[in-house]
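Participant: As input, take data.csv (CSV, C-alpha atoms and all ligand atoms):
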```
chain,number,residue,atom,x,y,z
A,1,MET,CA,-5.1,-2.0,-29.5
A,2,SER,CA,-5.1,-0.3,-32.8
A,3,CYS,CA,-3.1,2.9,-32.1
A,4,SER,CA,-1.5,4.1,-35.3
A,5,LYS,CA,2.1,3.2,-35.9
A,6,SER,CA,4.6,5.9,-36.5
A,7,TYR,CA,7.8,4.5,-35.3
A,8,LEU,CA,11.0,3.5,-37.1
A,9,ILE,CA,12.8,1.4,-34.5
A,10,LYS,CA,11.3,-1.6,-32.8
A,11,ALA,CA,11.4,-1.4,-29.0
A,12,ASP,CA,9.5,-2.8,-26.0
A,13,LEU,CA,9.7,-1.2,-22.6
A,14,HIS,CA,7.4,-3.6,-20.7
A,15,LEU,CA,8.4,-7.3,-20.6
A,16,HIS,CA,8.0,-10.1,-18.0
A,17,THR,CA,10.2,-13.1,-17.6
A,18,THR,CA,10.4,-16.2,-15.4
A,19,ALA,CA,12.0,-13.9,-12.7
A,20,SER,CA,8.3,-13.0,-12.0
A,21,ASP,CA,5.3,-14.5,-13.9
A,22,GLY,CA,6.5,-14.6,-17.4
A,23,ALA,CA,6.9,-17.9,-19.4
A,24,TYR,CA,10.4,-17.2,-20.9
A,25,SER,CA,13.7,-16.9,-19.1
A,26,PRO,CA,15.4,-13.5,-19.6
A,27,LYS,CA,17.9,-15.1,-22.0
A,28,ASP,CA,15.2,-16.9,-24.1
A,29,LEU,CA,13.0,-13.7,-24.2
A,30,ILE,CA,15.9,-11.6,-25.5
A,31,GLU,CA,16.8,-14.2,-28.1
A,32,LEU,CA,13.2,-14.0,-29.2
A,33,ALA,CA,13.3,-10.2,-29.2
A,34,ALA,CA,16.5,-10.3,-31.3
A,35,LYS,CA,14.7,-12.5,-33.9
A,36,LYS,CA,11.9,-9.9,-34.0
A,37,GLN,CA,14.5,-7.2,-34.8
A,38,ILE,CA,13.9,-5.3,-31.5
A,39,LYS,CA,16.6,-2.8,-30.9
A,40,TYR,CA,15.7,-1.3,-27.4
A,41,LEU,CA,14.1,-3.2,-24.6
A,42,ALA,CA,13.4,-3.1,-20.8
A,43,ILE,CA,12.7,-6.1,-18.6
A,44,THR,CA,10.1,-5.0,-16.0
A,45,ASP,CA,9.4,-8.0,-13.7
A,46,HIS,CA,6.9,-7.6,-10.8
A,47,ASP,CA,8.6,-6.4,-7.6
A,48,THR,CA,11.9,-8.1,-8.4
A,49,LEU,CA,15.3,-7.3,-9.8
A,50,GLN,CA,16.1,-10.9,-10.5
A,51,GLY,CA,16.9,-11.7,-14.1
A,52,LEU,CA,18.3,-8.2,-14.9
A,53,ASP,CA,22.0,-9.3,-14.9
A,54,GLU,CA,21.2,-12.2,-17.3
A,55,ALA,CA,19.1,-9.8,-19.5
A,56,ALA,CA,21.9,-7.2,-19.6
A,57,LYS,CA,24.5,-9.8,-20.7
A,58,THR,CA,22.3,-11.3,-23.4
A,59,CYS,CA,21.3,-7.8,-24.7
A,60,GLN,CA,25.0,-6.9,-24.9
A,61,GLU,CA,25.7,-10.1,-26.9
A,62,ARG,CA,22.8,-9.3,-29.3
A,63,GLY,CA,23.6,-5.6,-29.7
A,64,ILE,CA,20.3,-4.5,-28.1
A,65,VAL,CA,20.1,-1.4,-25.9
A,66,PHE,CA,19.0,-2.6,-22.5
A,67,PHE,CA,17.2,-0.6,-19.8
A,68,PRO,CA,17.0,-2.4,-16.4
A,69,GLY,CA,13.5,-2.1,-15.0
A,70,ILE,CA,10.9,-3.2,-12.5
A,71,GLU,CA,7.1,-3.0,-12.2
A,72,PHE,CA,5.8,-2.2,-8.7
A,73,SER,CA,2.2,-3.2,-8.0
A,74,THR,CA,1.0,-0.3,-5.8
A,75,VAL,CA,-2.4,0.6,-4.3
A,76,TYR,CA,-4.0,3.9,-3.5
A,77,SER,CA,-7.6,4.2,-2.1
A,78,GLN,CA,-8.7,0.9,-3.7
A,79,HIS,CA,-7.1,1.7,-7.1
A,80,GLU,CA,-4.4,-0.8,-8.2
A,81,ILE,CA,-1.7,1.3,-9.9
A,82,HIS,CA,1.4,-0.2,-11.5
A,83,ILE,CA,4.5,1.9,-11.6
A,84,LEU,CA,7.4,1.0,-13.9
A,85,GLY,CA,10.9,2.0,-12.8
A,86,TYR,CA,13.6,2.4,-15.5
A,87,ASN,CA,17.4,2.7,-15.3
A,88,LEU,CA,17.6,1.9,-11.6
A,89,GLN,CA,20.9,1.5,-9.7
A,90,LEU,CA,20.6,-2.2,-8.9
A,91,THR,CA,22.9,-2.0,-5.9
A,92,ASN,CA,20.9,0.7,-4.2
A,93,PRO,CA,20.4,-0.6,-0.6
A,94,ASN,CA,17.0,0.9,-0.1
A,95,LEU,CA,15.7,-0.6,-3.3
A,96,ILE,CA,17.1,-4.0,-2.4
A,97,SER,CA,15.5,-4.0,1.0
A,98,ILE,CA,12.1,-2.9,-0.3
A,99,VAL,CA,12.2,-5.6,-3.0
A,100,LYS,CA,13.1,-8.2,-0.4
A,101,LYS,CA,10.2,-7.1,1.8
A,102,LEU,CA,7.8,-7.4,-1.2
A,103,GLN,CA,9.1,-10.8,-2.1
A,104,ASN,CA,8.6,-12.1,1.5
A,105,SER,CA,5.1,-10.8,1.5
A,106,ARG,CA,4.4,-12.6,-1.8
A,107,TRP,CA,5.7,-15.8,-0.2
A,108,LEU,CA,3.5,-15.4,2.9
A,109,ARG,CA,0.5,-14.6,0.8
A,110,MET,CA,1.0,-17.7,-1.4
A,111,GLU,CA,1.1,-20.0,1.7
A,112,LYS,CA,-2.2,-18.5,2.9
A,113,MET,CA,-3.8,-18.8,-0.5
A,114,ILE,CA,-2.8,-22.5,-0.8
A,115,ALA,CA,-4.3,-23.1,2.7
A,116,LYS,CA,-7.6,-21.3,1.6
A,117,LEU,CA,-7.8,-23.5,-1.5
A,118,LYS,CA,-7.2,-26.6,0.6
A,119,SER,CA,-10.1,-25.6,2.8
A,120,LEU,CA,-12.2,-25.5,-0.4
A,121,GLY,CA,-11.1,-29.0,-1.3
A,122,ILE,CA,-8.4,-28.0,-3.8
A,123,SER,CA,-5.0,-29.4,-3.0
A,124,ILE,CA,-2.0,-27.6,-4.5
A,125,GLU,CA,1.6,-28.6,-3.9
A,126,LYS,CA,4.5,-26.1,-4.2
A,127,GLU,CA,6.1,-28.5,-6.8
A,128,GLU,CA,3.2,-27.8,-9.0
A,129,LEU,CA,3.9,-24.1,-8.9
A,130,ALA,CA,7.6,-24.7,-9.5
A,131,LYS,CA,6.7,-26.1,-12.9
A,132,PHE,CA,5.7,-22.6,-14.0
A,133,SER,CA,8.5,-20.7,-12.2
A,134,THR,CA,11.6,-22.3,-11.0
A,135,ASN,CA,12.9,-19.3,-9.1
A,136,ARG,CA,10.1,-19.5,-6.5
A,137,ASN,CA,9.0,-15.9,-7.0
A,138,TRP,CA,5.4,-17.0,-7.2
A,139,GLY,CA,2.4,-14.8,-7.9
A,140,ARG,CA,-1.3,-15.3,-8.4
A,141,LEU,CA,-0.8,-16.0,-12.1
A,142,HIS,CA,1.2,-19.1,-11.2
A,143,LEU,CA,-1.7,-20.4,-9.0
A,144,ALA,CA,-4.1,-19.6,-11.9
A,145,LEU,CA,-2.0,-21.7,-14.3
A,146,VAL,CA,-1.9,-24.6,-11.8
A,147,LEU,CA,-5.7,-24.4,-11.4
A,148,GLN,CA,-6.1,-24.4,-15.2
A,149,GLU,CA,-3.7,-27.4,-15.6
A,150,LYS,CA,-5.6,-29.4,-13.0
A,151,GLY,CA,-8.8,-28.8,-14.9
A,152,ILE,CA,-10.4,-26.9,-12.0
A,153,VAL,CA,-11.0,-23.9,-14.2
A,154,ASN,CA,-11.0,-23.5,-18.0
A,155,SER,CA,-8.8,-20.4,-18.1
A,156,THR,CA,-6.6,-18.2,-16.0
A,157,ALA,CA,-9.2,-15.5,-16.2
A,158,GLU,CA,-11.8,-17.9,-14.6
A,159,ALA,CA,-9.2,-18.8,-11.9
A,160,PHE,CA,-8.9,-15.1,-11.0
A,161,GLN,CA,-12.7,-14.6,-11.1
A,162,LYS,CA,-13.6,-17.6,-9.0
A,163,TYR,CA,-10.6,-17.8,-6.6
A,164,LEU,CA,-7.9,-15.2,-6.9
A,165,GLU,CA,-9.1,-11.7,-7.3
A,166,PRO,CA,-10.1,-9.4,-4.4
A,167,GLY,CA,-13.4,-10.7,-3.0
A,168,ALA,CA,-13.0,-14.2,-4.5
A,169,LYS,CA,-12.9,-17.4,-2.4
A,170,ALA,CA,-9.2,-17.8,-2.0
A,171,TYR,CA,-7.9,-14.2,-2.2
A,172,VAL,CA,-5.5,-13.0,0.4
A,173,PRO,CA,-4.2,-9.4,0.3
A,174,ARG,CA,-0.5,-8.8,0.6
A,175,TYR,CA,1.8,-5.9,1.6
A,176,ARG,CA,1.7,-3.2,-1.1
A,177,LEU,CA,3.5,0.1,-1.6
A,178,CYS,CA,1.6,3.3,-2.2
A,179,PRO,CA,2.4,4.9,-5.6
A,180,PHE,CA,3.7,8.1,-4.0
A,181,GLU,CA,6.3,6.3,-1.8
A,182,THR,CA,7.2,4.2,-4.9
A,183,LEU,CA,8.1,7.3,-6.8
A,184,LYS,CA,10.5,8.2,-4.0
A,185,ILE,CA,12.0,4.7,-3.9
A,186,ILE,CA,12.7,4.8,-7.7
A,187,ALA,CA,14.1,8.4,-7.6
A,188,LYS,CA,16.4,7.5,-4.7
A,189,ALA,CA,17.7,4.6,-6.8
A,190,GLY,CA,18.4,7.0,-9.6
A,191,GLY,CA,15.5,5.7,-11.7
A,192,LYS,CA,12.7,7.1,-13.8
A,193,SER,CA,9.0,6.4,-12.9
A,194,VAL,CA,6.3,5.7,-15.5
A,195,ILE,CA,2.7,4.8,-14.8
A,196,ALA,CA,1.9,1.5,-16.5
A,197,HIS,CA,-1.3,0.8,-18.5
A,198,PRO,CA,-3.4,3.6,-16.8
A,199,GLY,CA,-6.4,2.4,-18.8
A,200,LEU,CA,-6.5,-0.6,-16.5
A,201,SER,CA,-6.1,1.3,-13.3
A,202,LYS,CA,-9.0,3.7,-13.8
A,203,ALA,CA,-7.2,6.3,-11.7
A,204,ASP,CA,-6.6,9.1,-14.2
A,205,HIS,CA,-7.4,11.7,-11.5
A,206,LEU,CA,-4.2,10.7,-9.7
A,207,ILE,CA,-1.9,11.3,-12.8
A,208,PRO,CA,-1.5,15.1,-12.2
A,209,LEU,CA,-0.7,14.5,-8.5
A,210,LEU,CA,1.8,11.8,-9.4
A,211,ALA,CA,3.4,14.1,-12.0
A,212,GLU,CA,3.9,16.7,-9.3
A,213,LYS,CA,5.6,14.1,-7.2
A,214,GLY,CA,8.1,12.8,-9.7
A,215,LEU,CA,6.3,10.7,-12.3
A,216,ILE,CA,8.2,11.2,-15.6
A,217,GLY,CA,6.1,9.3,-18.1
A,218,ILE,CA,2.8,7.5,-19.1
A,219,GLU,CA,2.7,4.2,-20.8
A,220,VAL,CA,0.4,5.4,-23.5
A,221,TYR,CA,0.8,2.3,-25.8
A,222,HIS,CA,-0.3,-1.0,-24.3
A,223,PRO,CA,-2.3,-3.9,-25.8
A,224,ALA,CA,-5.2,-3.3,-23.4
A,225,HIS,CA,-5.6,0.4,-24.5
A,226,SER,CA,-8.1,1.4,-27.2
A,227,GLU,CA,-7.4,4.0,-29.8
A,228,ASN,CA,-9.3,6.5,-27.8
A,229,GLU,CA,-7.4,5.7,-24.6
A,230,CYS,CA,-4.1,6.1,-26.5
A,231,LEU,CA,-5.2,9.5,-27.6
A,232,LYS,CA,-6.4,10.5,-24.1
A,233,TYR,CA,-3.1,9.5,-22.5
A,234,ARG,CA,-1.0,11.1,-25.2
A,235,GLN,CA,-2.8,14.4,-24.5
A,236,LEU,CA,-2.5,13.9,-20.7
A,237,ALA,CA,1.2,13.3,-21.2
A,238,GLN,CA,1.6,16.5,-23.2
A,239,LYS,CA,-0.4,18.5,-20.7
A,240,HIS,CA,1.7,17.4,-17.7
A,241,ASN,CA,5.0,17.4,-19.6
A,242,LEU,CA,5.4,13.6,-19.3
A,243,ILE,CA,7.2,11.3,-21.7
A,244,ILE,CA,5.2,8.9,-23.8
A,245,THR,CA,6.2,5.2,-23.4
A,246,GLY,CA,4.8,1.9,-24.5
A,247,GLY,CA,5.3,-1.8,-24.1
A,248,SER,CA,3.6,-5.1,-24.9
A,249,ASP,CA,3.5,-6.3,-21.2
A,250,PHE,CA,4.6,-9.6,-22.7
A,251,HIS,CA,4.2,-12.6,-20.4
A,252,GLY,CA,4.4,-15.3,-23.1
A,253,HIS,CA,1.8,-17.8,-21.7
A,254,LEU,CA,-0.6,-17.2,-24.6
A,255,ALA,CA,0.1,-17.6,-28.3
A,256,GLU,CA,-1.4,-14.1,-28.9
A,257,ASP,CA,1.2,-12.5,-26.7
A,258,LEU,CA,3.7,-12.9,-29.5
A,259,LYS,CA,1.6,-10.6,-31.7
A,260,TYR,CA,2.3,-7.6,-29.6
A,261,LEU,CA,6.0,-8.2,-28.8
A,262,GLY,CA,7.9,-5.1,-30.0
A,263,GLU,CA,4.9,-3.7,-31.8
A,264,MET,CA,4.0,-0.7,-29.6
A,265,PRO,CA,4.8,2.6,-31.4
A,266,ILE,CA,7.3,4.1,-28.9
A,267,PRO,CA,8.6,7.6,-29.9
A,268,LEU,CA,12.2,7.8,-30.8
A,269,SER,CA,12.5,10.8,-28.4
A,270,THR,CA,11.6,8.5,-25.5
A,271,LEU,CA,14.2,6.0,-26.4
A,272,SER,CA,16.9,8.7,-26.7
A,273,TYR,CA,15.8,10.2,-23.4
A,274,LEU,CA,16.1,6.9,-21.6
A,275,LYS,CA,19.4,6.1,-23.3
A,276,SER,CA,20.9,9.4,-22.2
A,277,ASN,CA,19.8,9.0,-18.6
B,1,ZN,ZN,0.9,-4.2,-14.7
B,2,ZN,ZN,3.4,-5.9,-16.6
```
Could you express the structure from this file as structure tokens?
Facilitator:
Amino acid sequence: MSCSKSYLIKADLHLHTTASDGAYSPKDLIELAAKKQIKYLAITDHDTLQGLDEAAKTCQERGIVFFPGIEFSTVYSQHEIHILGYNLQLTNPNLISIVKKLQNSRWLRMEKMIAKLKSLGISIEKEELAKFSTNRNWGRLHLALVLQEKGIVNSTAEAFQKYLEPGAKAYVPRYRLCPFETLKIIAKAGGKSVIAHPGLSKADHLIPLLAEKGLIGIEVYHPAHSENECLKYRQLAQKHNLIITGGSDFHGHLAEDLKYLGEMPIPLSTLSYLKSN
């Protein structure tokens, strides 16, 4: 990512913690962000609200403006589309029940994937997963990390390619929301919906439809986006009257993740907009 920097305040609106598949606890990640002079941040763990209370408390102690968030993995006609929700009411009953359903489906899927790996001669115990995430909200990245640690693969990318991605030997699908129903869930909980890293989803044709149904922003700045993609999504945001956001999508398992933390050029107008809502 080499999009030009034109920001004055350091911010990061896309961060993962141990509440999902990140390497740092919410508290440790915010301490790290404070050291990097980040002034605004959002925690956006996959399909979970865990960790947001701890994050809010630590941000308050460090004088950082905090936006509670979530990242929903949705699917629409074979396209994987991630929707970020910001400023949600965390006590919203509908949101809580959806999140519970998604977590249960992740659990069930994990059991099935472990069984498939076993049938391939690869034995994985739950304790091994617990080394990478103590809160048991396990995803495929945790399995990939265990496979890497056991020396079965050389990298997490290889783990996905050989075993964990759709079509691979140990892949098991799980219950997923559709992006349009996700927009409704977020709106009902008083939140704002932003499409995450559209350059990875390859579903640009859906952005105008999502904008009509309540999408309010596009994550233009993301480490996986090229300069051309940043330009394309900036123009698309302007065309459809969407706000421009950005985030490092920090997970913290790789040393290079630190390079991007708080380094995406998020417009001040976006931060003011989120702060006032
Ligand atoms: Zn994502
Ligand atoms: Zn993410």
Participant: In terms of the shortest atom-to-atom distance over all atoms listed in the file, which of A:Gln78, A:Ser20, A:Gln60, A:Asn241 is closest to A:Tyr40?
Facilitator: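 Distance minimum relative to A:Tyr40 lands on A:Gln60.
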Participant: Can you tell me which residues come within 10 Å of ligand ZN 2 (chain B) when counting all atoms listed in the file, ideally as a VMD selection string?
Facilitator: chain A and resid 13 to 17 20 to 22 43 to 46 70 to 73 82 to 84 196 to 197 222 247 to 251
Participant: Using all atoms listed in the file, pick whichever of A:Leu183, A:Thr48, A:Lys169, A:Phe160 has the shortest atom-to-atom distance to A:Ser119.
Facilitator: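 Distance minimum relative to A:Ser119 lands on A:Lys169.
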Participant: Write out as number ranges by chain each polymer residue whose atoms come within 12 Å of A:Pro223, counting all atoms listed in the file; drop sequence neighbours fewer than 3 positions from it.
Facilitator: A: 1-3, 12, 14, 196-200, 219-220, 226-227, 229-230, 246-250, 256-265
Participant: Tell me which of A:Leu8, A:Ala144, A:Leu177, A:Val99 sits closest to A:Gln161, counting only C-alpha atoms.
Facilitator: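 With only C-alpha atoms as the atom set, the closest residue is A:Ala144.
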Participant: So that I can check the surroundings of A:Ala237, please list as number ranges by chain every protein, DNA and RNA residue that reaches within 12 Å of it, counting only C-alpha atoms and ignoring chain neighbours fewer than 2 positions away.
Facilitator: A: 194-195, 198, 204, 207-208, 210-211, 215-221, 229-235, 239-245
Participant: For a quick check of understanding, using all atoms listed in the file, which of A:Trp107, A:Leu95, A:Gly214, A:Lys27 has the smallest distance to A:Glu61?
Facilitator: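 Nearest to A:Glu61: A:Lys27.
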Participant: Pick out the closest residue to ligand ZN 1 (chain B) from this set: A:Gly121, A:Gly151, A:Gly167, A:Gly85. Count all atoms listed in the file.
Facilitator: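 Counting all atoms listed in the file, the residue closest to ligand ZN 1 (chain B) is A:Gly85.
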Participant: When distances are computed from all atoms listed in the file, which of A:Gln37, A:Ser276, A:Ser201, A:Thr156 shows the smallest separation from ligand ZN 1 (chain B)?
Facilitator: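 Closest to ligand ZN 1 (chain B), using all atoms listed in the file: A:Ser201.
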Participant: Skipping near chain neighbours, those fewer than 5 positions away, what residues fall within 8 Å of stretch 116-118 of chain A using only C-alpha atoms, listed as a list in words?
Facilitator: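 Final neighbour list, sorted by chain and number: Ser123, Ile124, Lys169 and Ala170 of chain A.
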Participant: Would you work out the distance separating atom CA of A:Ile122 from atom CA of A:Gln148, expressed in Å to one decimal?
Facilitator: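 Atom CA of A:Gln148 lies 12.2 Å from atom CA of A:Ile122.
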Participant: Between atom CA of A:Thr18 and atom CA of A:Leu147, what is the spacing in Å?
Facilitator: 18.5 Å
Participant: Quick one: residues within 12 Å of A:Pro173, only C-alpha atoms, excluding same-chain residues fewer than 2 positions away - as a list in words?
Facilitator: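 Once the nearby chain positions are removed, what remains is Val75, Gln78, Ser105, Arg106, Trp107, Leu108, Arg109, Met110, Glu111, Lys112, Met113, Gly139, Arg140, Leu164, Glu165, Pro166, Gly167, Ala168, Ala170, Tyr171, Tyr175 and Arg176 of chain A.
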Participant: Take atom CA of A:Phe180 and atom CA of A:Ser97 and report the distance between them in Å, one decimal.
Facilitator: 17.6 Å
Participant: Since the input has fewer atoms than a full residue there, write stretch 50-68 of chain A out with N, CA, C and O atoms, as a JSON list (two decimals), in the frame of the given file.
Facilitator:
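Dumped everything to rebuild.json:
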```
[["chain", "number", "residue", "atom", "x", "y", "z"],
["A", 50, "GLN", "N", 15.54, -9.70, -9.99],
["A", 50, "GLN", "CA", 16.10, -10.90, -10.50],
["A", 50, "GLN", "C", 16.03, -10.98, -12.00],
["A", 50, "GLN", "O", 15.05, -10.56, -12.56],
["A", 51, "GLY", "N", 17.04, -11.52, -12.62],
["A", 51, "GLY", "CA", 16.90, -11.70, -14.10],
["A", 51, "GLY", "C", 17.56, -10.53, -14.85],
["A", 51, "GLY", "O", 17.82, -10.65, -16.04],
["A", 52, "LEU", "N", 17.79, -9.38, -14.18],
["A", 52, "LEU", "CA", 18.30, -8.20, -14.90],
["A", 52, "LEU", "C", 19.75, -8.39, -15.36],
["A", 52, "LEU", "O", 20.13, -7.93, -16.43],
["A", 53, "ASP", "N", 20.55, -9.07, -14.53],
["A", 53, "ASP", "CA", 22.00, -9.30, -14.90],
["A", 53, "ASP", "C", 22.03, -10.18, -16.17],
["A", 53, "ASP", "O", 22.76, -9.88, -17.11],
["A", 54, "GLU", "N", 21.24, -11.27, -16.13],
["A", 54, "GLU", "CA", 21.20, -12.20, -17.30],
["A", 54, "GLU", "C", 20.72, -11.45, -18.53],
["A", 54, "GLU", "O", 21.26, -11.62, -19.63],
["A", 55, "ALA", "N", 19.71, -10.60, -18.34],
["A", 55, "ALA", "CA", 19.10, -9.80, -19.50],
["A", 55, "ALA", "C", 20.17, -8.87, -20.04],
["A", 55, "ALA", "O", 20.32, -8.76, -21.26],
["A", 56, "ALA", "N", 20.89, -8.17, -19.16],
["A", 56, "ALA", "CA", 21.90, -7.20, -19.60],
["A", 56, "ALA", "C", 22.96, -7.87, -20.45],
["A", 56, "ALA", "O", 23.35, -7.37, -21.51],
["A", 57, "LYS", "N", 23.39, -9.02, -19.96],
["A", 57, "LYS", "CA", 24.50, -9.80, -20.70],
["A", 57, "LYS", "C", 23.98, -10.21, -22.05],
["A", 57, "LYS", "O", 24.69, -10.02, -23.04],
["A", 58, "THR", "N", 22.77, -10.76, -22.11],
["A", 58, "THR", "CA", 22.30, -11.30, -23.40],
["A", 58, "THR", "C", 22.03, -10.10, -24.37],
["A", 58, "THR", "O", 22.31, -10.22, -25.56],
["A", 59, "CYS", "N", 21.53, -8.97, -23.85],
["A", 59, "CYS", "CA", 21.30, -7.80, -24.70],
["A", 59, "CYS", "C", 22.64, -7.34, -25.31],
["A", 59, "CYS", "O", 22.72, -6.98, -26.49],
["A", 60, "GLN", "N", 23.66, -7.33, -24.48],
["A", 60, "GLN", "CA", 25.00, -6.90, -24.90],
["A", 60, "GLN", "C", 25.46, -7.80, -26.09],
["A", 60, "GLN", "O", 25.93, -7.33, -27.11],
["A", 61, "GLU", "N", 25.28, -9.10, -25.90],
["A", 61, "GLU", "CA", 25.70, -10.10, -26.90],
["A", 61, "GLU", "C", 24.93, -9.87, -28.24],
["A", 61, "GLU", "O", 25.45, -10.11, -29.32],
["A", 62, "ARG", "N", 23.68, -9.44, -28.13],
["A", 62, "ARG", "CA", 22.80, -9.30, -29.30],
["A", 62, "ARG", "C", 22.78, -7.87, -29.86],
["A", 62, "ARG", "O", 22.00, -7.58, -30.78],
["A", 63, "GLY", "N", 23.53, -6.94, -29.24],
["A", 63, "GLY", "CA", 23.60, -5.60, -29.70],
["A", 63, "GLY", "C", 22.25, -4.82, -29.50],
["A", 63, "GLY", "O", 21.87, -3.94, -30.27],
["A", 64, "ILE", "N", 21.55, -5.20, -28.43],
["A", 64, "ILE", "CA", 20.30, -4.50, -28.10],
["A", 64, "ILE", "C", 20.53, -3.55, -26.94],
["A", 64, "ILE", "O", 21.25, -3.88, -25.99],
["A", 65, "VAL", "N", 19.95, -2.35, -27.04],
["A", 65, "VAL", "CA", 20.10, -1.40, -25.90],
["A", 65, "VAL", "C", 19.15, -1.82, -24.82],
["A", 65, "VAL", "O", 17.95, -2.01, -25.04],
["A", 66, "PHE", "N", 19.73, -2.00, -23.63],
["A", 66, "PHE", "CA", 19.00, -2.60, -22.50],
["A", 66, "PHE", "C", 18.73, -1.53, -21.42],
["A", 66, "PHE", "O", 19.65, -0.82, -21.02],
["A", 67, "PHE", "N", 17.48, -1.46, -20.93],
["A", 67, "PHE", "CA", 17.20, -0.60, -19.80],
["A", 67, "PHE", "C", 16.72, -1.53, -18.63],
["A", 67, "PHE", "O", 15.70, -2.24, -18.75],
["A", 68, "PRO", "N", 17.46, -1.56, -17.51],
["A", 68, "PRO", "CA", 17.00, -2.40, -16.40],
["A", 68, "PRO", "C", 15.74, -1.76, -15.80],
["A", 68, "PRO", "O", 15.66, -0.54, -15.62]]
```
